[in-house]
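Student: If it helps, the file is called my_file.txt and holds compact mmCIF, C-alpha atoms:
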```txt
# COMPACT_ATOMS: atom_id res chain seq x y z
CA MET Y 764 -14.23 10.66 -12.01
CA THR Y 765 -11.59 13.34 -12.47
CA THR Y 766 -12.97 16.87 -12.88
CA LYS Y 767 -12.75 18.16 -16.45
CA ARG Y 768 -12.67 21.71 -17.77
CA THR Y 769 -14.19 22.94 -21.00
CA MET Y 770 -12.42 25.04 -23.64
CA THR Y 771 -13.24 26.36 -27.08
CA LEU Y 772 -11.01 25.09 -29.86
CA ASN Y 773 -10.70 26.90 -33.18
CA LEU Y 774 -9.70 24.57 -36.01
CA THR Y 775 -9.36 25.08 -39.74
CA ASP Y 776 -11.50 23.01 -42.12
CA ALA Y 777 -8.50 20.80 -42.87
CA GLU Y 778 -7.77 20.24 -39.19
CA MET Y 779 -11.41 19.50 -38.49
CA ARG Y 780 -11.48 17.04 -41.40
CA VAL Y 781 -8.46 15.19 -39.99
CA LEU Y 782 -10.05 15.16 -36.54
CA ASP Y 783 -13.27 13.73 -38.01
CA GLU Y 784 -11.37 11.08 -39.95
CA LEU Y 785 -9.29 10.01 -36.96
CA SER Y 786 -12.36 9.89 -34.78
CA VAL Y 787 -14.08 7.50 -37.21
CA ARG Y 788 -11.00 5.39 -37.96
CA LYS Y 789 -9.98 5.01 -34.33
CA ASP Y 790 -13.55 4.54 -33.10
CA ILE Y 791 -13.22 7.23 -30.43
CA THR Y 792 -14.82 10.65 -29.95
CA LYS Y 793 -13.13 13.82 -31.22
CA THR Y 794 -12.41 14.79 -27.61
CA ALA Y 795 -10.77 11.40 -27.07
CA VAL Y 796 -8.62 11.93 -30.19
CA LEU Y 797 -7.34 15.23 -28.82
CA ARG Y 798 -6.72 13.84 -25.36
CA GLN Y 799 -4.85 10.92 -26.93
CA ALA Y 800 -2.79 13.34 -29.02
CA LEU Y 801 -1.86 15.29 -25.88
CA ARG Y 802 -0.77 12.13 -24.07
CA LEU Y 803 1.35 10.98 -27.00
CA TYR Y 804 2.91 14.40 -27.52
CA GLN Y 805 3.81 14.72 -23.85
CA THR Y 806 5.25 11.17 -23.74
CA ILE Y 807 7.37 11.68 -26.86
CA ASP Y 808 8.50 15.13 -25.77
CA ALA Y 809 9.58 13.82 -22.34
CA ARG Y 810 11.67 11.07 -23.96
CA VAL Y 811 13.22 13.41 -26.52
CA GLU Y 812 14.07 15.83 -23.70
CA LYS Y 813 15.95 12.96 -22.05
CA GLY Y 814 18.06 12.57 -25.20
CA GLU Y 815 16.15 9.75 -26.93
CA LYS Y 816 15.23 9.74 -30.63
CA LEU Y 817 11.88 8.92 -32.21
CA LEU Y 818 12.39 6.49 -35.08
CA PHE Y 819 10.01 4.81 -37.50
CA GLU Y 820 11.03 1.51 -39.03
CA ASN Y 821 9.60 0.05 -42.21
CA GLU Y 822 8.87 -3.54 -41.23
CA ALA Y 823 9.52 -4.87 -44.74
CA THR Y 824 12.69 -2.96 -45.67
CA LYS Y 825 13.94 -2.35 -42.09
CA GLU Y 826 14.64 1.21 -43.23
CA LYS Y 827 14.62 3.66 -40.31
CA ALA Y 828 13.59 7.31 -40.41
CA GLU Y 829 13.91 9.77 -37.56
CA LEU Y 830 10.98 12.03 -36.75
CA MET Y 831 12.12 15.46 -35.69
CA LEU Y 832 10.07 17.21 -33.03
CA LEU Y 833 10.21 20.97 -33.08
CA MET V 1162 -3.88 15.65 -7.59
CA THR V 1163 -7.26 14.44 -6.40
CA VAL V 1164 -7.58 10.71 -5.97
CA ASP V 1165 -10.90 9.07 -6.71
CA VAL V 1166 -11.81 6.43 -4.17
CA SER V 1167 -14.53 3.83 -4.72
CA THR V 1168 -15.76 1.22 -2.29
CA ILE V 1169 -15.40 -2.38 -3.41
CA TYR V 1170 -15.79 -5.70 -1.62
CA LEU V 1171 -13.28 -8.51 -1.38
CA LEU V 1172 -13.67 -11.99 0.05
CA ASP V 1173 -11.89 -13.13 3.20
CA VAL V 1174 -10.96 -16.63 2.05
CA GLU V 1175 -10.66 -18.11 5.54
CA THR V 1176 -13.94 -16.85 7.01
CA GLY V 1177 -15.93 -16.47 3.79
CA GLU V 1178 -16.89 -12.96 4.89
CA SER V 1179 -17.07 -9.89 2.69
CA VAL V 1180 -14.39 -7.25 3.37
CA GLU V 1181 -14.86 -3.58 2.49
CA ALA V 1182 -11.96 -2.13 0.50
CA GLU V 1183 -10.97 1.05 -1.31
CA LEU V 1184 -10.18 1.13 -5.00
CA ARG V 1185 -8.00 4.22 -5.52
CA ASP V 1186 -7.17 5.60 -8.97
CA ALA V 1187 -3.55 6.33 -8.05
CA ILE V 1188 -0.48 4.78 -6.51
CA GLU V 1189 0.60 7.10 -3.70
CA GLN V 1190 3.49 7.15 -1.24
CA ALA V 1191 1.49 5.15 1.32
CA GLN V 1192 1.17 2.30 -1.20
CA LEU V 1193 4.88 2.43 -2.02
CA ASP V 1194 5.66 2.36 1.70
CA ASP V 1195 3.47 -0.75 2.08
CA TRP V 1196 5.19 -2.36 -0.90
CA GLN V 1197 8.60 -1.66 0.68
CA THR V 1198 7.85 -2.50 4.30
CA LYS V 1199 5.16 -5.20 4.01
CA TRP V 1200 5.17 -6.81 0.55
CA GLN V 1201 8.94 -7.11 0.27
CA PRO V 1202 9.51 -8.92 3.59
CA ALA V 1203 6.55 -11.25 2.85
CA LEU V 1204 7.91 -11.97 -0.61
CA LEU V 1205 11.39 -12.60 0.75
CA THR V 1206 10.00 -15.21 3.16
CA VAL V 1207 8.26 -16.96 0.26
CA LEU V 1208 11.37 -16.88 -1.93
CA GLN V 1209 13.56 -18.23 0.89
CA GLU V 1210 11.09 -21.07 1.39
CA LEU V 1211 11.07 -21.84 -2.35
CA ALA V 1212 14.88 -21.82 -2.41
CA ARG V 1213 15.00 -24.07 0.68
CA LYS V 1214 12.68 -26.56 -1.03
CA GLY V 1215 14.87 -26.47 -4.14
CA VAL V 1216 12.12 -25.08 -6.38
CA PRO V 1217 13.82 -23.90 -9.62
CA MET V 1218 13.78 -20.12 -10.22
CA SER V 1219 11.75 -20.68 -13.39
CA GLN V 1220 8.86 -21.65 -11.11
CA TRP V 1221 9.21 -18.68 -8.76
CA PRO V 1222 6.59 -15.91 -8.90
CA GLN V 1223 7.50 -14.10 -12.08
CA SER V 1224 6.92 -10.63 -10.65
CA TRP V 1225 9.34 -11.14 -7.72
CA HIS V 1226 11.83 -8.57 -9.05
CA TRP V 1227 9.27 -5.80 -9.77
CA ASN V 1228 10.13 -2.49 -8.15
CA TRP V 1229 6.99 -0.40 -7.79
CA ALA V 1230 8.87 2.67 -6.54
CA GLN V 1231 10.88 2.75 -9.78
CA LYS V 1232 7.89 1.97 -11.98
CA THR V 1233 5.90 4.81 -10.44
CA ALA V 1234 8.78 7.32 -10.54
CA LYS V 1235 9.43 6.60 -14.23
CA VAL V 1236 5.95 7.75 -15.30
CA GLN V 1237 5.47 10.55 -12.76
CA GLY V 1238 3.53 13.45 -14.31
CA LEU V 1239 2.90 11.71 -17.64
CA LEU V 1240 -0.73 11.73 -18.76
CA ALA V 1241 -0.28 8.45 -20.64
CA PHE V 1242 0.17 6.39 -17.50
CA ARG V 1243 -2.23 5.80 -14.65
CA GLY V 1244 -2.04 3.79 -11.48
CA PHE V 1245 -4.60 1.96 -9.35
CA SER V 1246 -4.41 0.51 -5.89
CA VAL V 1247 -6.63 -1.57 -3.66
CA VAL V 1248 -6.46 -0.86 0.06
CA ALA V 1249 -8.17 -2.94 2.74
CA ARG V 1250 -7.61 -3.51 6.47
CA GLY V 1251 -5.24 -0.55 6.48
CA GLU V 1252 -2.78 -1.96 3.97
CA THR V 1253 -2.22 -2.14 0.23
CA GLN V 1254 -3.61 -5.34 -1.24
CA GLY V 1255 -2.87 -4.82 -4.94
CA LEU V 1256 -1.32 -2.43 -7.45
CA ALA V 1257 -1.67 -1.86 -11.19
CA GLN V 1258 -0.22 0.52 -13.77
CA VAL V 1259 -1.71 1.14 -17.21
CA ASP V 1260 -0.55 2.83 -20.43
CA LEU V 1261 -3.08 4.72 -22.58
CA THR V 1262 -0.95 5.11 -25.72
CA LYS V 1263 -1.12 1.59 -27.15
CA ALA V 1264 -3.30 0.30 -30.01
CA SER V 1265 -5.29 -2.92 -30.41
CA ARG V 1266 -3.97 -5.92 -32.34
CA GLU V 1267 -7.01 -8.21 -32.38
CA PRO V 1268 -8.17 -8.22 -36.03
CA SER V 1269 -11.70 -6.92 -35.34
CA GLN V 1270 -10.33 -3.81 -33.58
CA ALA V 1271 -6.75 -3.50 -34.89
CA GLY V 1272 -5.29 0.00 -34.63
CA LYS V 1273 -7.91 1.31 -32.24
CA PRO V 1274 -6.73 2.67 -28.89
CA LEU V 1275 -6.94 0.57 -25.77
CA VAL V 1276 -5.86 0.59 -22.17
CA TYR V 1277 -2.72 -1.52 -21.92
CA LEU V 1278 -2.20 -3.15 -18.53
CA ASP V 1279 1.53 -2.76 -17.98
CA TYR V 1280 1.76 -4.26 -14.50
CA LEU V 1281 -0.64 -5.87 -12.06
CA GLU V 1282 0.42 -7.43 -8.79
CA VAL V 1283 -1.45 -8.47 -5.68
CA ALA V 1284 0.14 -8.51 -2.22
CA PRO V 1285 2.10 -11.71 -1.58
CA TRP V 1286 -0.35 -12.82 1.13
CA ASN V 1287 -3.24 -12.72 -1.36
CA ARG V 1288 -1.59 -14.92 -3.98
CA PRO V 1289 -3.16 -18.37 -4.23
CA ASP V 1290 0.18 -19.86 -5.30
CA PHE V 1291 2.10 -18.56 -2.26
CA GLY V 1292 0.80 -20.36 0.73
CA PRO V 1293 -1.87 -22.63 2.05
CA VAL V 1294 -4.66 -20.01 1.94
CA PRO V 1295 -4.64 -16.54 0.36
CA ARG V 1296 -6.05 -13.90 2.73
CA LEU V 1297 -8.27 -11.88 0.37
CA ARG V 1298 -9.74 -12.86 -2.96
CA GLY V 1299 -10.91 -10.48 -5.68
CA VAL V 1300 -8.02 -7.99 -5.67
CA GLY V 1301 -6.77 -8.84 -9.18
CA SER V 1302 -10.28 -8.83 -10.61
CA ALA V 1303 -10.95 -5.43 -9.01
CA LEU V 1304 -7.84 -3.97 -10.65
CA ILE V 1305 -8.78 -5.41 -14.04
CA THR V 1306 -12.30 -4.06 -13.64
CA ALA V 1307 -10.78 -0.63 -12.91
CA ALA V 1308 -8.68 -0.83 -16.09
CA VAL V 1309 -11.69 -1.83 -18.22
CA ALA V 1310 -13.79 0.93 -16.63
CA LEU V 1311 -11.03 3.46 -17.39
CA SER V 1312 -10.99 2.26 -21.00
CA ASP V 1313 -14.72 2.90 -21.13
CA GLU V 1314 -14.40 6.35 -19.52
CA GLU V 1315 -11.66 7.35 -21.96
CA GLY V 1316 -13.89 6.41 -24.89
CA PHE V 1317 -11.92 3.24 -25.73
CA LYS V 1318 -15.10 1.21 -25.14
CA GLY V 1319 -13.51 -1.22 -22.70
CA ARG V 1320 -10.73 -2.40 -25.03
CA LEU V 1321 -7.87 -3.77 -22.93
CA GLY V 1322 -4.53 -5.38 -23.80
CA LEU V 1323 -1.78 -7.02 -21.76
CA HIS V 1324 1.16 -9.38 -21.86
CA SER V 1325 0.60 -12.15 -19.35
CA LEU V 1326 3.15 -13.76 -17.10
CA PRO V 1327 2.79 -17.53 -17.69
CA GLN V 1328 1.37 -18.09 -14.18
CA ALA V 1329 -1.55 -15.79 -15.05
CA ASP V 1330 -2.41 -17.09 -18.55
CA ALA V 1331 -5.28 -19.26 -17.32
CA PHE V 1332 -6.80 -16.33 -15.36
CA TYR V 1333 -6.94 -14.07 -18.43
CA ARG V 1334 -8.52 -16.84 -20.49
CA LYS V 1335 -11.05 -17.41 -17.71
CA ILE V 1336 -12.19 -13.79 -17.76
CA GLY V 1337 -12.85 -14.07 -21.50
CA MET V 1338 -9.87 -12.33 -23.09
CA THR V 1339 -8.64 -13.40 -26.53
CA ASP V 1340 -5.25 -15.10 -26.48
CA LEU V 1341 -3.24 -13.79 -29.44
CA GLY V 1342 -0.28 -16.06 -28.66
CA PRO V 1343 3.36 -15.52 -27.71
CA ASP V 1344 4.85 -12.15 -28.65
CA PRO V 1345 8.48 -12.51 -29.83
CA ALA V 1346 8.95 -8.76 -29.33
CA TYR V 1347 8.06 -9.07 -25.63
CA GLN V 1348 10.03 -11.97 -24.14
CA ASN V 1349 7.61 -14.38 -25.82
CA LEU V 1350 4.95 -13.60 -23.23
CA ARG V 1351 1.44 -14.31 -24.47
CA TYR V 1352 -0.50 -11.24 -25.55
CA PHE V 1353 -4.16 -11.07 -24.51
CA GLU V 1354 -6.80 -8.61 -25.60
CA MET V 1355 -10.34 -7.80 -24.50
CA THR V 1356 -12.66 -6.67 -27.27
CA VAL V 1357 -15.55 -4.24 -26.82
CA GLU V 1358 -18.00 -7.15 -26.58
CA GLN V 1359 -15.80 -9.11 -24.18
CA ALA V 1360 -15.42 -6.00 -22.00
CA ARG V 1361 -19.19 -5.56 -21.85
CA THR V 1362 -19.67 -9.21 -20.85
CA PHE V 1363 -16.86 -8.94 -18.29
CA LEU V 1364 -18.29 -5.80 -16.67
CA GLU V 1365 -21.82 -7.29 -16.56
CA GLY V 1366 -20.38 -10.39 -14.90
CA GLU V 1367 -18.55 -8.28 -12.32
CA GLN V 1368 -21.74 -6.34 -11.52
CA ASP V 1369 -23.63 -9.59 -10.93
CA ARG V 1370 -21.00 -10.87 -8.46
```
Can the structure in the file be given as structure tokens, please?
Tutor:
Amino acid sequence: MTTKRTMTLNLTDAEMRVLDELSVRKDITKTAVLRQALRLYQTIDARVEKGEKLLFENEATKEKAELMLL
Amino acid sequence: MTVDVSTIYLLDVETGESVEAELRDAIEQAQLDDWQTKWQPALLTVLQELARKGVPMSQWPQSWHWNWAQKTAKVQGLLAFRGFSVVARGETQGLAQVDLTKASREPSQAGKPLVYLDYLEVAPWNRPDFGPVPRLRGVGSALITAAVALSDEEGFKGRLGLHSLPQADAFYRKIGMTDLGPDPAYQNLRYFEMTVEQARTFLEGEQDR
């Protein structure tokens, strides 16, 4: 198994609440939520860096909205 | 990057003997070299034979055009993608690449993260559909086991998803995955998913083998 390092994370109550909710809803640990977030962020950032856009499409209306990454 | 190596055992189909192999949690240059210098010539021989016999291209191995060097380069350095390889008798016997950013579709676990098996291929000489006798058996199962084990390690509880090439549909049903039917958004390939319970049963079965 890959070696892992430990770090302390300071979160606000609101951030902690979201982390708790995602952990329950996605059926994964809070650590797994954060690791998943890091993977997604890196993947999206790499594609945006290459000139791609991140779009969300409403399946019913087919309306598209671009998500801006700062 | 450190590569984790586990010992697994494959079956030599001709002799019935057990063969020690390495399951590596990466696809490295040595594997890409094997793909280029050993898999490709073997595959070409098979394709030439199929063409000579007049077998229509629709019945050719559906992964014949896969380029592992490109697939690996495309995801280099990205945390979301992981590779696995099986090495035995000094050469690469199978390769797989997974994506950790996808979510489940099966109703009982919809929206929950899973390990998505993007690509899985065994060396041409191990394919049962390629010649009279495949050399080694168990390579594909070992790679699927690795993907399910990764899902478990990542806290996804063994959930696994994949789109199957038609020639592999029966295999995925046999190992207990749920067939969610053809996916119009993915060349109409059938989408299969392994639930938490199915993953547990699958891993127990693999341990008993």
Student: Within 9 Å of chain Y, which residues of chain V are there when counting all atoms listed in the file? Please give them as a PyMOL selection string.
Tutor: chain V and resi 1163-1165+1239-1242+1261-1262+1270+1272-1274+1314-1318
Student: Quick one: write out the picked residues with C-alpha atoms as a compact mmCIF listing (two decimals), in the frame of the given file?
Tutor:
```txt
# COMPACT_ATOMS: atom_id res chain seq x y z
CA THR V 1163 -7.26 14.44 -6.40
CA VAL V 1164 -7.58 10.71 -5.97
CA ASP V 1165 -10.90 9.07 -6.71
CA LEU V 1239 2.90 11.71 -17.64
CA LEU V 1240 -0.73 11.73 -18.76
CA ALA V 1241 -0.28 8.45 -20.64
CA PHE V 1242 0.17 6.39 -17.50
CA LEU V 1261 -3.08 4.72 -22.58
CA THR V 1262 -0.95 5.11 -25.72
CA GLN V 1270 -10.33 -3.81 -33.58
CA GLY V 1272 -5.29 0.00 -34.63
CA LYS V 1273 -7.91 1.31 -32.24
CA PRO V 1274 -6.73 2.67 -28.89
CA GLU V 1314 -14.40 6.35 -19.52
CA GLU V 1315 -11.66 7.35 -21.96
CA GLY V 1316 -13.89 6.41 -24.89
CA PHE V 1317 -11.92 3.24 -25.73
CA LYS V 1318 -15.10 1.21 -25.14
```
Student: For the point (-10.3, -8.0, -26.7) in file coordinates, what residues are within 9 Å, counting all atoms listed in the file? Give the answer as number ranges by chain?
Tutor: V: 1265-1267, 1269-1270, 1319-1322, 1337-1340, 1353-1360
Student: I'd like the contact shell of segment 1180-1196 of chain V - 8 Å cut-off, only C-alpha atoms, skipping same-chain residues fewer than 3 positions apart - returned as a PDB file with C-alpha atoms, in the frame of the given file.
Tutor:
```
ATOM      1  CA  VAL V1164      -7.580  10.710  -5.970  1.00  0.00           C
ATOM      2  CA  ASP V1165     -10.900   9.070  -6.710  1.00  0.00           C
ATOM      3  CA  VAL V1166     -11.810   6.430  -4.170  1.00  0.00           C
ATOM      4  CA  SER V1167     -14.530   3.830  -4.720  1.00  0.00           C
ATOM      5  CA  THR V1168     -15.760   1.220  -2.290  1.00  0.00           C
ATOM      6  CA  ILE V1169     -15.400  -2.380  -3.410  1.00  0.00           C
ATOM      7  CA  TYR V1170     -15.790  -5.700  -1.620  1.00  0.00           C
ATOM      8  CA  LEU V1171     -13.280  -8.510  -1.380  1.00  0.00           C
ATOM      9  CA  LEU V1172     -13.670 -11.990   0.050  1.00  0.00           C
ATOM     10  CA  ASP V1173     -11.890 -13.130   3.200  1.00  0.00           C
ATOM     11  CA  LYS V1199       5.160  -5.200   4.010  1.00  0.00           C
ATOM     12  CA  TRP V1200       5.170  -6.810   0.550  1.00  0.00           C
ATOM     13  CA  GLN V1201       8.940  -7.110   0.270  1.00  0.00           C
ATOM     14  CA  TRP V1229       6.990  -0.400  -7.790  1.00  0.00           C
ATOM     15  CA  ALA V1230       8.870   2.670  -6.540  1.00  0.00           C
ATOM     16  CA  THR V1233       5.900   4.810 -10.440  1.00  0.00           C
ATOM     17  CA  ARG V1243      -2.230   5.800 -14.650  1.00  0.00           C
ATOM     18  CA  GLY V1244      -2.040   3.790 -11.480  1.00  0.00           C
ATOM     19  CA  PHE V1245      -4.600   1.960  -9.350  1.00  0.00           C
ATOM     20  CA  SER V1246      -4.410   0.510  -5.890  1.00  0.00           C
ATOM     21  CA  VAL V1247      -6.630  -1.570  -3.660  1.00  0.00           C
ATOM     22  CA  VAL V1248      -6.460  -0.860   0.060  1.00  0.00           C
ATOM     23  CA  ALA V1249      -8.170  -2.940   2.740  1.00  0.00           C
ATOM     24  CA  ARG V1250      -7.610  -3.510   6.470  1.00  0.00           C
ATOM     25  CA  GLU V1252      -2.780  -1.960   3.970  1.00  0.00           C
ATOM     26  CA  THR V1253      -2.220  -2.140   0.230  1.00  0.00           C
ATOM     27  CA  LEU V1256      -1.320  -2.430  -7.450  1.00  0.00           C
ATOM     28  CA  ALA V1303     -10.950  -5.430  -9.010  1.00  0.00           C
ATOM     29  CA  LEU V1304      -7.840  -3.970 -10.650  1.00  0.00           C
TER      30      LEU V1304
END
```
Student: Between atom CA of Ser1312 of chain V and atom CA of Arg1361 of chain V, measure the distance and give it in Å to one decimal.
Tutor: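 Separation of atom CA of Ser1312 of chain V and atom CA of Arg1361 of chain V: 11.4 Å.
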Student: Hey, can you check how far atom CA of Gly1301 of chain V sits from atom CA of Glu1365 of chain V?
Tutor: 16.8 Å
Student: Reconstruct segment 1345-1364 of chain V at the level of N, CA, C and O atoms, and format the result as a PDB file, in the frame of the given file.
Tutor:
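After the write, rebuild.pdb holds the following:
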```pdb
ATOM      1  N   PRO V1345       7.018 -12.447 -29.791  1.00  0.00           N
ATOM      2  CA  PRO V1345       8.480 -12.510 -29.830  1.00  0.00           C
ATOM      3  C   PRO V1345       9.140 -11.172 -29.477  1.00  0.00           C
ATOM      4  O   PRO V1345      10.281 -11.139 -29.032  1.00  0.00           O
ATOM      5  N   ALA V1346       8.393 -10.074 -29.645  1.00  0.00           N
ATOM      6  CA  ALA V1346       8.950  -8.760 -29.330  1.00  0.00           C
ATOM      7  C   ALA V1346       8.857  -8.440 -27.840  1.00  0.00           C
ATOM      8  O   ALA V1346       9.294  -7.384 -27.395  1.00  0.00           O
ATOM      9  N   TYR V1347       8.259  -9.342 -27.060  1.00  0.00           N
ATOM     10  CA  TYR V1347       8.060  -9.070 -25.630  1.00  0.00           C
ATOM     11  C   TYR V1347       8.329 -10.346 -24.836  1.00  0.00           C
ATOM     12  O   TYR V1347       7.440 -10.924 -24.222  1.00  0.00           O
ATOM     13  N   GLN V1348       9.553 -10.785 -24.879  1.00  0.00           N
ATOM     14  CA  GLN V1348      10.030 -11.970 -24.140  1.00  0.00           C
ATOM     15  C   GLN V1348       9.141 -13.197 -24.331  1.00  0.00           C
ATOM     16  O   GLN V1348       9.016 -14.035 -23.444  1.00  0.00           O
ATOM     17  N   ASN V1349       8.487 -13.247 -25.492  1.00  0.00           N
ATOM     18  CA  ASN V1349       7.610 -14.380 -25.820  1.00  0.00           C
ATOM     19  C   ASN V1349       6.438 -14.554 -24.856  1.00  0.00           C
ATOM     20  O   ASN V1349       5.835 -15.624 -24.802  1.00  0.00           O
ATOM     21  N   LEU V1350       6.135 -13.517 -24.096  1.00  0.00           N
ATOM     22  CA  LEU V1350       4.950 -13.600 -23.230  1.00  0.00           C
ATOM     23  C   LEU V1350       3.712 -13.593 -24.110  1.00  0.00           C
ATOM     24  O   LEU V1350       3.699 -12.961 -25.178  1.00  0.00           O
ATOM     25  N   ARG V1351       2.662 -14.269 -23.677  1.00  0.00           N
ATOM     26  CA  ARG V1351       1.440 -14.310 -24.470  1.00  0.00           C
ATOM     27  C   ARG V1351       0.735 -12.959 -24.369  1.00  0.00           C
ATOM     28  O   ARG V1351       0.655 -12.368 -23.290  1.00  0.00           O
ATOM     29  N   TYR V1352       0.216 -12.506 -25.521  1.00  0.00           N
ATOM     30  CA  TYR V1352      -0.500 -11.240 -25.550  1.00  0.00           C
ATOM     31  C   TYR V1352      -2.003 -11.521 -25.553  1.00  0.00           C
ATOM     32  O   TYR V1352      -2.495 -12.314 -26.367  1.00  0.00           O
ATOM     33  N   PHE V1353      -2.707 -10.890 -24.630  1.00  0.00           N
ATOM     34  CA  PHE V1353      -4.160 -11.070 -24.510  1.00  0.00           C
ATOM     35  C   PHE V1353      -4.861  -9.738 -24.779  1.00  0.00           C
ATOM     36  O   PHE V1353      -4.337  -8.678 -24.428  1.00  0.00           O
ATOM     37  N   GLU V1354      -6.031  -9.829 -25.373  1.00  0.00           N
ATOM     38  CA  GLU V1354      -6.800  -8.610 -25.600  1.00  0.00           C
ATOM     39  C   GLU V1354      -8.278  -8.831 -25.284  1.00  0.00           C
ATOM     40  O   GLU V1354      -8.803  -9.927 -25.496  1.00  0.00           O
ATOM     41  N   MET V1355      -8.901  -7.770 -24.775  1.00  0.00           N
ATOM     42  CA  MET V1355     -10.340  -7.800 -24.500  1.00  0.00           C
ATOM     43  C   MET V1355     -11.009  -6.902 -25.529  1.00  0.00           C
ATOM     44  O   MET V1355     -10.638  -5.733 -25.654  1.00  0.00           O
ATOM     45  N   THR V1356     -11.948  -7.464 -26.263  1.00  0.00           N
ATOM     46  CA  THR V1356     -12.660  -6.670 -27.270  1.00  0.00           C
ATOM     47  C   THR V1356     -13.785  -5.884 -26.585  1.00  0.00           C
ATOM     48  O   THR V1356     -14.071  -6.093 -25.397  1.00  0.00           O
ATOM     49  N   VAL V1357     -14.434  -5.035 -27.359  1.00  0.00           N
ATOM     50  CA  VAL V1357     -15.550  -4.240 -26.820  1.00  0.00           C
ATOM     51  C   VAL V1357     -16.630  -5.165 -26.255  1.00  0.00           C
ATOM     52  O   VAL V1357     -17.134  -4.957 -25.145  1.00  0.00           O
ATOM     53  N   GLU V1358     -16.956  -6.217 -27.013  1.00  0.00           N
ATOM     54  CA  GLU V1358     -18.000  -7.150 -26.580  1.00  0.00           C
ATOM     55  C   GLU V1358     -17.561  -7.920 -25.328  1.00  0.00           C
ATOM     56  O   GLU V1358     -18.326  -8.110 -24.384  1.00  0.00           O
ATOM     57  N   GLN V1359     -16.310  -8.365 -25.343  1.00  0.00           N
ATOM     58  CA  GLN V1359     -15.800  -9.110 -24.180  1.00  0.00           C
ATOM     59  C   GLN V1359     -15.779  -8.213 -22.934  1.00  0.00           C
ATOM     60  O   GLN V1359     -16.057  -8.675 -21.829  1.00  0.00           O
ATOM     61  N   ALA V1360     -15.453  -6.937 -23.132  1.00  0.00           N
ATOM     62  CA  ALA V1360     -15.420  -6.000 -22.000  1.00  0.00           C
ATOM     63  C   ALA V1360     -16.825  -5.833 -21.426  1.00  0.00           C
ATOM     64  O   ALA V1360     -17.008  -5.809 -20.205  1.00  0.00           O
ATOM     65  N   ARG V1361     -17.808  -5.729 -22.310  1.00  0.00           N
ATOM     66  CA  ARG V1361     -19.190  -5.560 -21.850  1.00  0.00           C
ATOM     67  C   ARG V1361     -19.613  -6.789 -21.022  1.00  0.00           C
ATOM     68  O   ARG V1361     -20.162  -6.668 -19.938  1.00  0.00           O
ATOM     69  N   THR V1362     -19.317  -7.976 -21.561  1.00  0.00           N
ATOM     70  CA  THR V1362     -19.670  -9.210 -20.850  1.00  0.00           C
ATOM     71  C   THR V1362     -18.945  -9.274 -19.515  1.00  0.00           C
ATOM     72  O   THR V1362     -19.530  -9.642 -18.483  1.00  0.00           O
ATOM     73  N   PHE V1363     -17.660  -8.885 -19.525  1.00  0.00           N
ATOM     74  CA  PHE V1363     -16.860  -8.940 -18.290  1.00  0.00           C
ATOM     75  C   PHE V1363     -17.447  -8.000 -17.233  1.00  0.00           C
ATOM     76  O   PHE V1363     -17.641  -8.401 -16.085  1.00  0.00           O
ATOM     77  N   LEU V1364     -17.772  -6.770 -17.638  1.00  0.00           N
ATOM     78  CA  LEU V1364     -18.290  -5.800 -16.670  1.00  0.00           C
ATOM     79  C   LEU V1364     -19.661  -6.221 -16.142  1.00  0.00           C
ATOM     80  O   LEU V1364     -19.949  -6.071 -14.949  1.00  0.00           O
TER      81      LEU V1364
END
```
